[in-house]
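A.B. asks: Just passing along the structure, written as structure tokens.
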Amino acid sequence: MNGRAAFCPNCGAPVRFLWSSAVQTTCEFCKSILVRRDLDLERVGVTADLPGDASPIQLLTEGVYRGKSFQVIGRIMYRYDQGAWNEWHCVFQDGASGWLSDAQAEYAVSFLTQPPTPLPSPTEVSRGLQVSLYGALYEVTTLTEAFYEGVQGELPFEYWDKSRCLFADLRTRDARFGTIDYTETPPLLFLGEWVDFEALKLKNLRQFEGW
Amino acid sequence: MATAPQVKSLSCPNCGGGVQVRGYARTLNVVCINCLSVLDASTPELQVLQTFQAKERIRPLIPLGSRGKLRGDTWEVTGFQVREILVDGIPYAWHEYLLFNPYKGFRYLTQYDGHWNFVSTLRSLPEMTTSRGRPAVRWMGETYKHFQSATAVTAYVMGEFPWQVRAGEQAQVADYVSPPRMISSELTSGEITWSLGEYTPGEDIWKAFNLPGAPPPPKGVYANQPSPHSGKAKAAWTTWLILNILLFTVMLLTSALTHNELVFDRSFQYSSAMKGEASFVTEPFELKGRISNVEVTISTDLKNDWAYFNLALINEATGQAYDFGREVSYYFGRDSEGSWSEGRARDRVIVPSIPPGRYYLRVEPEMATEGSTPGFSDHRVGYRIQIRRDVPNNFFFWIAALLLLIPPVFASLRGIGFESARWRESDYAGGSGDSDE
């Protein structure tokens, strides 16, 4: 995770990449959304100030998942009619990229996974639908229509001009967790599991006054 | 990044009263404590979502803002709602406290008639199944029996919530129990939420939140209240088993220690046709040792007849007599239902606490006089009297064994009573009580 320095084309501030595979980042000074084009950074937009956020996780939070340490380097924040949630982009010590989601302080770790068979289309997917993936039976428990609220830090793909997103949450009889992300065609599949806050051994967390 | 401040203070657009938000940006709806308006906390202007009229102000037993340590984590009470279900037209209301920890998220406390549950949402899906023909769910290897299904209505809300709340909101709820745990499903707008409740004594809540006084005493038996008897009944049966083993060991030992000495054995004849005095005395015999019992056995050759023996055990030296009478009768035959018999041709009696010494037996047999059986003018009996000194007497052991049964049987009965009280409140009331705990 050596910091490759570049400069923000908007304000000239140095932009440091923590992860060599990052496709997109934000300038922490002018909030410009910057996408890598070969060696240059292109300013593709500006992220709104992320509204008051209650996640204890923040950029540079470190943790351990299944014996591998990771660092939080970016995030996507979504809003839906029942609140907001964060998908924290984590880079692992071996360079792998994963997601730590915090929805109402329920935490899950997941990874982009190649679907073994085509996933149900947005018109086919419905609550209660069962999907067999890699030998486990997943059930679609929630369909969430969310609004993209903002991004921060480094992401593995360009994610800045999306507004409406459909997500299908998958659950199993054990603590497995999955999400089908319908913002792309074909949809993206993320598989992982629910995790206990303590188990992640998180460091560099946000502080809450009085807690 | 700066430390997030603890409390955000805003003012209610409806009444101007102060509104505090403790759940940071997780709070979606907040209720104005003054005018009971439900406000949208996600908008800076706190848009009014609903104003509701409560018949009366309901005061939570744990004040909003209280913090307590439960199950290893600190929780702050940020929300409170009263929800009710209708069963046969009667409303049953329970209280729900929303607990918040900025790192650990949300938990709930429910309170009904003094019964408390610590509730967390489930991450994995329970499996629908059946248990003895009734619906049940299986979760983490445990079967939870269906207890009740109902429509729950939110009657009252206070504080703040990470989801949309409205008074009057309805949800289809179902409870499945495996004391001390309960799994509940809640269906709102087509989405099912599963949660796990763990029965928690009110005292623990009072201690955790440092509340004054004592918790309201629980009334009746709650759906997932652990039976105080199930463990006791088991323990009582274990004790019973141990005591029985001891009792029978003692019984065997005392039997082994008795002398069981045959001191007299003679055979006699009697006929009702015999003239003169029927009574006679035997030759003396020696009863040795400490004060102990004497067993008198009369073996007869009676067939479809009876005989009565007036007996007296008499001390040769003091003349002290122990009088007793024994009737021996033995009848048998065949009828339409097969062969039958009544009585026995042999009789055995234990005379307790006889001091040692030389004794003799006075015997006076009696039988029916003529005419009682046509065709027979007299009744005869051949009999043998055996006297044993210091025989094992297990009678008291059997009484003791019976008495020992009382505590475990009562414990089990109380357990069954508890279970039937539990299921009386369920959808299965009146049916065959489910009491296999």
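Convention: chains lettered A, B, ... in structure tokens order; per-chain residue numbering from 1; ligands numbered from 1 as shown.
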So that I can check the surroundings of Ser32 in chain A, please list as a PyMOL selection string every protein, DNA and RNA residue that reaches within 10 Å of it, counting only C-alpha atoms and ignoring chain neighbours fewer than 2 positions away.

C.D. replies: chain A and resi 8-11+25-30+34-35+42-48+152

A.B. asks: Show me which bits of chain B are within 7 Å of chain A, counting only C-alpha atoms, as a list in words.

C.D. replies: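 The answer, sorted by residue number, is Thr3, Ala4, Pro5, Gln6, Tyr24, Ala25, Arg26, Leu28, Pro102, Tyr103, Lys104, Gly105, Arg123, Ser124, Leu125, Pro126, Pro162, Trp163, Gln164 and Glu191 of chain B.
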
A.B. asks: To one decimal place, how far is CA of Gln53 in chain B from CA of Trp94 in chain B in Å?

C.D. replies: 18.6 Å

A.B. asks: Which residues are close to Asp181 in chain A, i.e. within 8 Å by only C-alpha atoms, leaving aside same-chain residues fewer than 3 positions away? Reply as a PDB file with N, CA and C atoms, in the first residue's frame.

C.D. replies:
```pdb
ATOM      1  N   CYS A 165     -30.548   3.066  -7.154  1.00  0.00           N
ATOM      2  CA  CYS A 165     -29.927   1.754  -7.122  1.00  0.00           C
ATOM      3  C   CYS A 165     -30.907   0.752  -6.525  1.00  0.00           C
ATOM      4  N   LEU A 166     -30.957  -0.417  -7.142  1.00  0.00           N
ATOM      5  CA  LEU A 166     -31.783  -1.490  -6.588  1.00  0.00           C
ATOM      6  C   LEU A 166     -30.850  -2.564  -6.027  1.00  0.00           C
ATOM      7  N   PHE A 167     -31.117  -2.943  -4.782  1.00  0.00           N
ATOM      8  CA  PHE A 167     -30.331  -3.983  -4.135  1.00  0.00           C
ATOM      9  C   PHE A 167     -31.249  -5.099  -3.654  1.00  0.00           C
ATOM     10  N   ALA A 168     -30.790  -6.309  -3.822  1.00  0.00           N
ATOM     11  CA  ALA A 168     -31.507  -7.448  -3.254  1.00  0.00           C
ATOM     12  C   ALA A 168     -30.622  -8.039  -2.164  1.00  0.00           C
ATOM     13  N   GLU A 184     -25.532  -2.313 -12.199  1.00  0.00           N
ATOM     14  CA  GLU A 184     -24.799  -2.678 -13.410  1.00  0.00           C
ATOM     15  C   GLU A 184     -25.550  -3.788 -14.138  1.00  0.00           C
ATOM     16  N   PRO A 187     -26.020  -7.776 -13.281  1.00  0.00           N
ATOM     17  CA  PRO A 187     -25.875  -7.327 -11.893  1.00  0.00           C
ATOM     18  C   PRO A 187     -24.632  -7.903 -11.221  1.00  0.00           C
ATOM     19  N   LEU A 188     -24.172  -7.211 -10.191  1.00  0.00           N
ATOM     20  CA  LEU A 188     -22.996  -7.650  -9.438  1.00  0.00           C
ATOM     21  C   LEU A 188     -23.443  -8.452  -8.227  1.00  0.00           C
ATOM     22  N   LEU A 189     -22.645  -9.457  -7.898  1.00  0.00           N
ATOM     23  CA  LEU A 189     -22.957 -10.290  -6.740  1.00  0.00           C
ATOM     24  C   LEU A 189     -21.871 -10.116  -5.681  1.00  0.00           C
ATOM     25  N   PHE A 190     -22.308  -9.841  -4.476  1.00  0.00           N
ATOM     26  CA  PHE A 190     -21.396  -9.772  -3.339  1.00  0.00           C
ATOM     27  C   PHE A 190     -21.811 -10.842  -2.339  1.00  0.00           C
TER      28      PHE A 190
END
```

A.B. asks: If we count only C-alpha atoms and set the cut-off at 12 Å, which residues sit around Pro116 in chain A, ignoring sequence neighbours fewer than 6 positions away in its own chain? Please answer as a ChimeraX atom specification.

C.D. replies: /A:131-136,188-189,191

A.B. asks: Could you pull the residues within 8 Å of Thr51 in chain B, counting only C-alpha atoms, minus those fewer than 4 positions along the same chain, as an MDAnalysis selection string?

C.D. replies: chainID B and resid 35:38

A.B. asks: Would you output that residue set with C-alpha atoms, as a PDB file, in the first residue's frame?

C.D. replies:
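Once written, selection.pdb looks like this:
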```pdb
ATOM      1  CA  CYS B  35     -46.814  17.584  21.640  1.00  0.00           C
ATOM      2  CA  LEU B  36     -46.189  13.949  20.623  1.00  0.00           C
ATOM      3  CA  SER B  37     -45.477  14.873  17.011  1.00  0.00           C
ATOM      4  CA  VAL B  38     -43.521  12.320  15.036  1.00  0.00           C
TER       5      VAL B  38
END
```

A.B. asks: Check the smallest atom-to-atom distance from each of B:Val30, B:Ile350, B:Leu70, B:Ala150 to Tyr108 in chain B using only C-alpha atoms, then report the winner.

C.D. replies: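 Closest to Tyr108 in chain B of all the choices is B:Leu70.
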
A.B. asks: Tell me, which residues of range 231-368 of chain B carry DSSP helix (DSSP H, G or I), written as a list in words?

C.D. replies: Gly231, Lys232, Ala233, Lys234, Ala235, Ala236, Trp237, Thr238, Thr239, Trp240, Leu241, Ile242, Leu243, Asn244, Ile245, Leu246, Leu247, Phe248, Thr249, Val250, Met251, Leu252, Leu253, Thr254, Ser255, Ala256 and Leu257 of chain B

A.B. asks: Output C-alpha atoms for every residue in the selection just made, as a PDB file, in the first residue's frame.

C.D. replies:
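Output file out.pdb follows:
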```
ATOM      1  CA  GLY B 231     -35.075 -28.153  36.948  1.00  0.00           C
ATOM      2  CA  LYS B 232     -36.518 -28.805  40.375  1.00  0.00           C
ATOM      3  CA  ALA B 233     -38.547 -31.781  39.214  1.00  0.00           C
ATOM      4  CA  LYS B 234     -35.472 -33.248  37.608  1.00  0.00           C
ATOM      5  CA  ALA B 235     -33.451 -32.633  40.762  1.00  0.00           C
ATOM      6  CA  ALA B 236     -36.242 -34.096  42.891  1.00  0.00           C
ATOM      7  CA  TRP B 237     -36.293 -37.262  40.786  1.00  0.00           C
ATOM      8  CA  THR B 238     -32.518 -37.526  41.013  1.00  0.00           C
ATOM      9  CA  THR B 239     -32.736 -37.173  44.796  1.00  0.00           C
ATOM     10  CA  TRP B 240     -35.527 -39.740  44.814  1.00  0.00           C
ATOM     11  CA  LEU B 241     -33.366 -42.197  42.914  1.00  0.00           C
ATOM     12  CA  ILE B 242     -30.410 -41.698  45.261  1.00  0.00           C
ATOM     13  CA  LEU B 243     -32.582 -42.038  48.384  1.00  0.00           C
ATOM     14  CA  ASN B 244     -34.195 -45.156  46.969  1.00  0.00           C
ATOM     15  CA  ILE B 245     -30.844 -46.750  46.341  1.00  0.00           C
ATOM     16  CA  LEU B 246     -29.865 -45.886  49.922  1.00  0.00           C
ATOM     17  CA  LEU B 247     -33.166 -47.172  51.266  1.00  0.00           C
ATOM     18  CA  PHE B 248     -32.895 -50.500  49.487  1.00  0.00           C
ATOM     19  CA  THR B 249     -29.284 -50.862  50.521  1.00  0.00           C
ATOM     20  CA  VAL B 250     -30.334 -50.369  54.141  1.00  0.00           C
ATOM     21  CA  MET B 251     -33.222 -52.789  53.594  1.00  0.00           C
ATOM     22  CA  LEU B 252     -30.909 -55.463  52.244  1.00  0.00           C
ATOM     23  CA  LEU B 253     -28.394 -54.870  55.031  1.00  0.00           C
ATOM     24  CA  THR B 254     -30.999 -55.122  57.801  1.00  0.00           C
ATOM     25  CA  SER B 255     -32.417 -58.232  56.155  1.00  0.00           C
ATOM     26  CA  ALA B 256     -28.977 -59.751  56.118  1.00  0.00           C
ATOM     27  CA  LEU B 257     -28.477 -58.872  59.765  1.00  0.00           C
TER      28      LEU B 257
END
```

A.B. asks: Please identify the strand (DSSP E) residues within range 243-391 of chain B (assignment by DSSP from backbone atoms) and present them as number ranges by chain.

C.D. replies: B: 261-271, 280-281, 285-287, 292-300, 305-315, 321-335, 338-344, 346-354, 357-366, 380-389

A.B. asks: Env of Glu286 in chain B: 8 Å cut, atoms = only C-alpha atoms, seq-sep filter 4 positions within chain, self excluded. Answer as a list of chain:residue names.

C.D. replies: B:Val263, B:Pro356, B:Gly357, B:Arg358, B:Tyr359

A.B. asks: Create the file for the chosen residues now, containing C-alpha atoms and written as a tab-separated table (two decimals), in the first residue's frame.

C.D. replies:
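Result file follows (again_28.tsv):
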```tsv
chain	number	residue	atom	x	y	z
B	263	VAL	CA	-37.91	-71.86	66.49
B	356	PRO	CA	-36.65	-62.75	74.68
B	357	GLY	CA	-37.70	-65.71	76.82
B	358	ARG	CA	-39.41	-69.07	76.74
B	359	TYR	CA	-42.82	-68.96	75.07
```

A.B. asks: Would you mind listing what lies within 10 Å of Pro63 in chain B as a PyMOL selection string, with only C-alpha atoms counted and same-chain residues fewer than 3 positions away left out?

C.D. replies: chain B and resi 59-60+66-67+76-80+97+209+211

A.B. asks: Save the residues we just selected, C-alpha atoms, as a compact mmCIF listing (two decimals), in the first residue's frame?

C.D. replies:
```txt
# COMPACT_ATOMS: atom_id res chain seq x y z
CA ARG B 59 -44.41 6.97 31.43
CA PRO B 60 -41.73 4.44 30.56
CA SER B 66 -31.01 6.01 30.80
CA ARG B 67 -27.89 3.99 30.29
CA GLU B 76 -28.89 3.82 26.12
CA VAL B 77 -32.67 3.90 26.04
CA THR B 78 -33.49 6.07 23.03
CA GLY B 79 -36.98 5.01 22.10
CA PHE B 80 -40.14 3.73 23.72
CA TYR B 97 -37.69 0.03 24.75
CA PHE B 209 -30.13 0.74 34.69
CA LEU B 211 -33.48 2.18 38.71
```

A.B. asks: Would you mind reading off the distance between CA of Pro156 in chain A and CA of Gly178 in chain A, one decimal, in Å?

C.D. replies: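 Computed distance, CA of Pro156 in chain A to CA of Gly178 in chain A, equals 18.6 Å.
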
A.B. asks: Interatomic distance between CA of Lys303 in chain B and CA of Ser279 in chain B?

C.D. replies: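 Spanning CA of Lys303 in chain B to CA of Ser279 in chain B is a straight-line distance of 22.5 Å.
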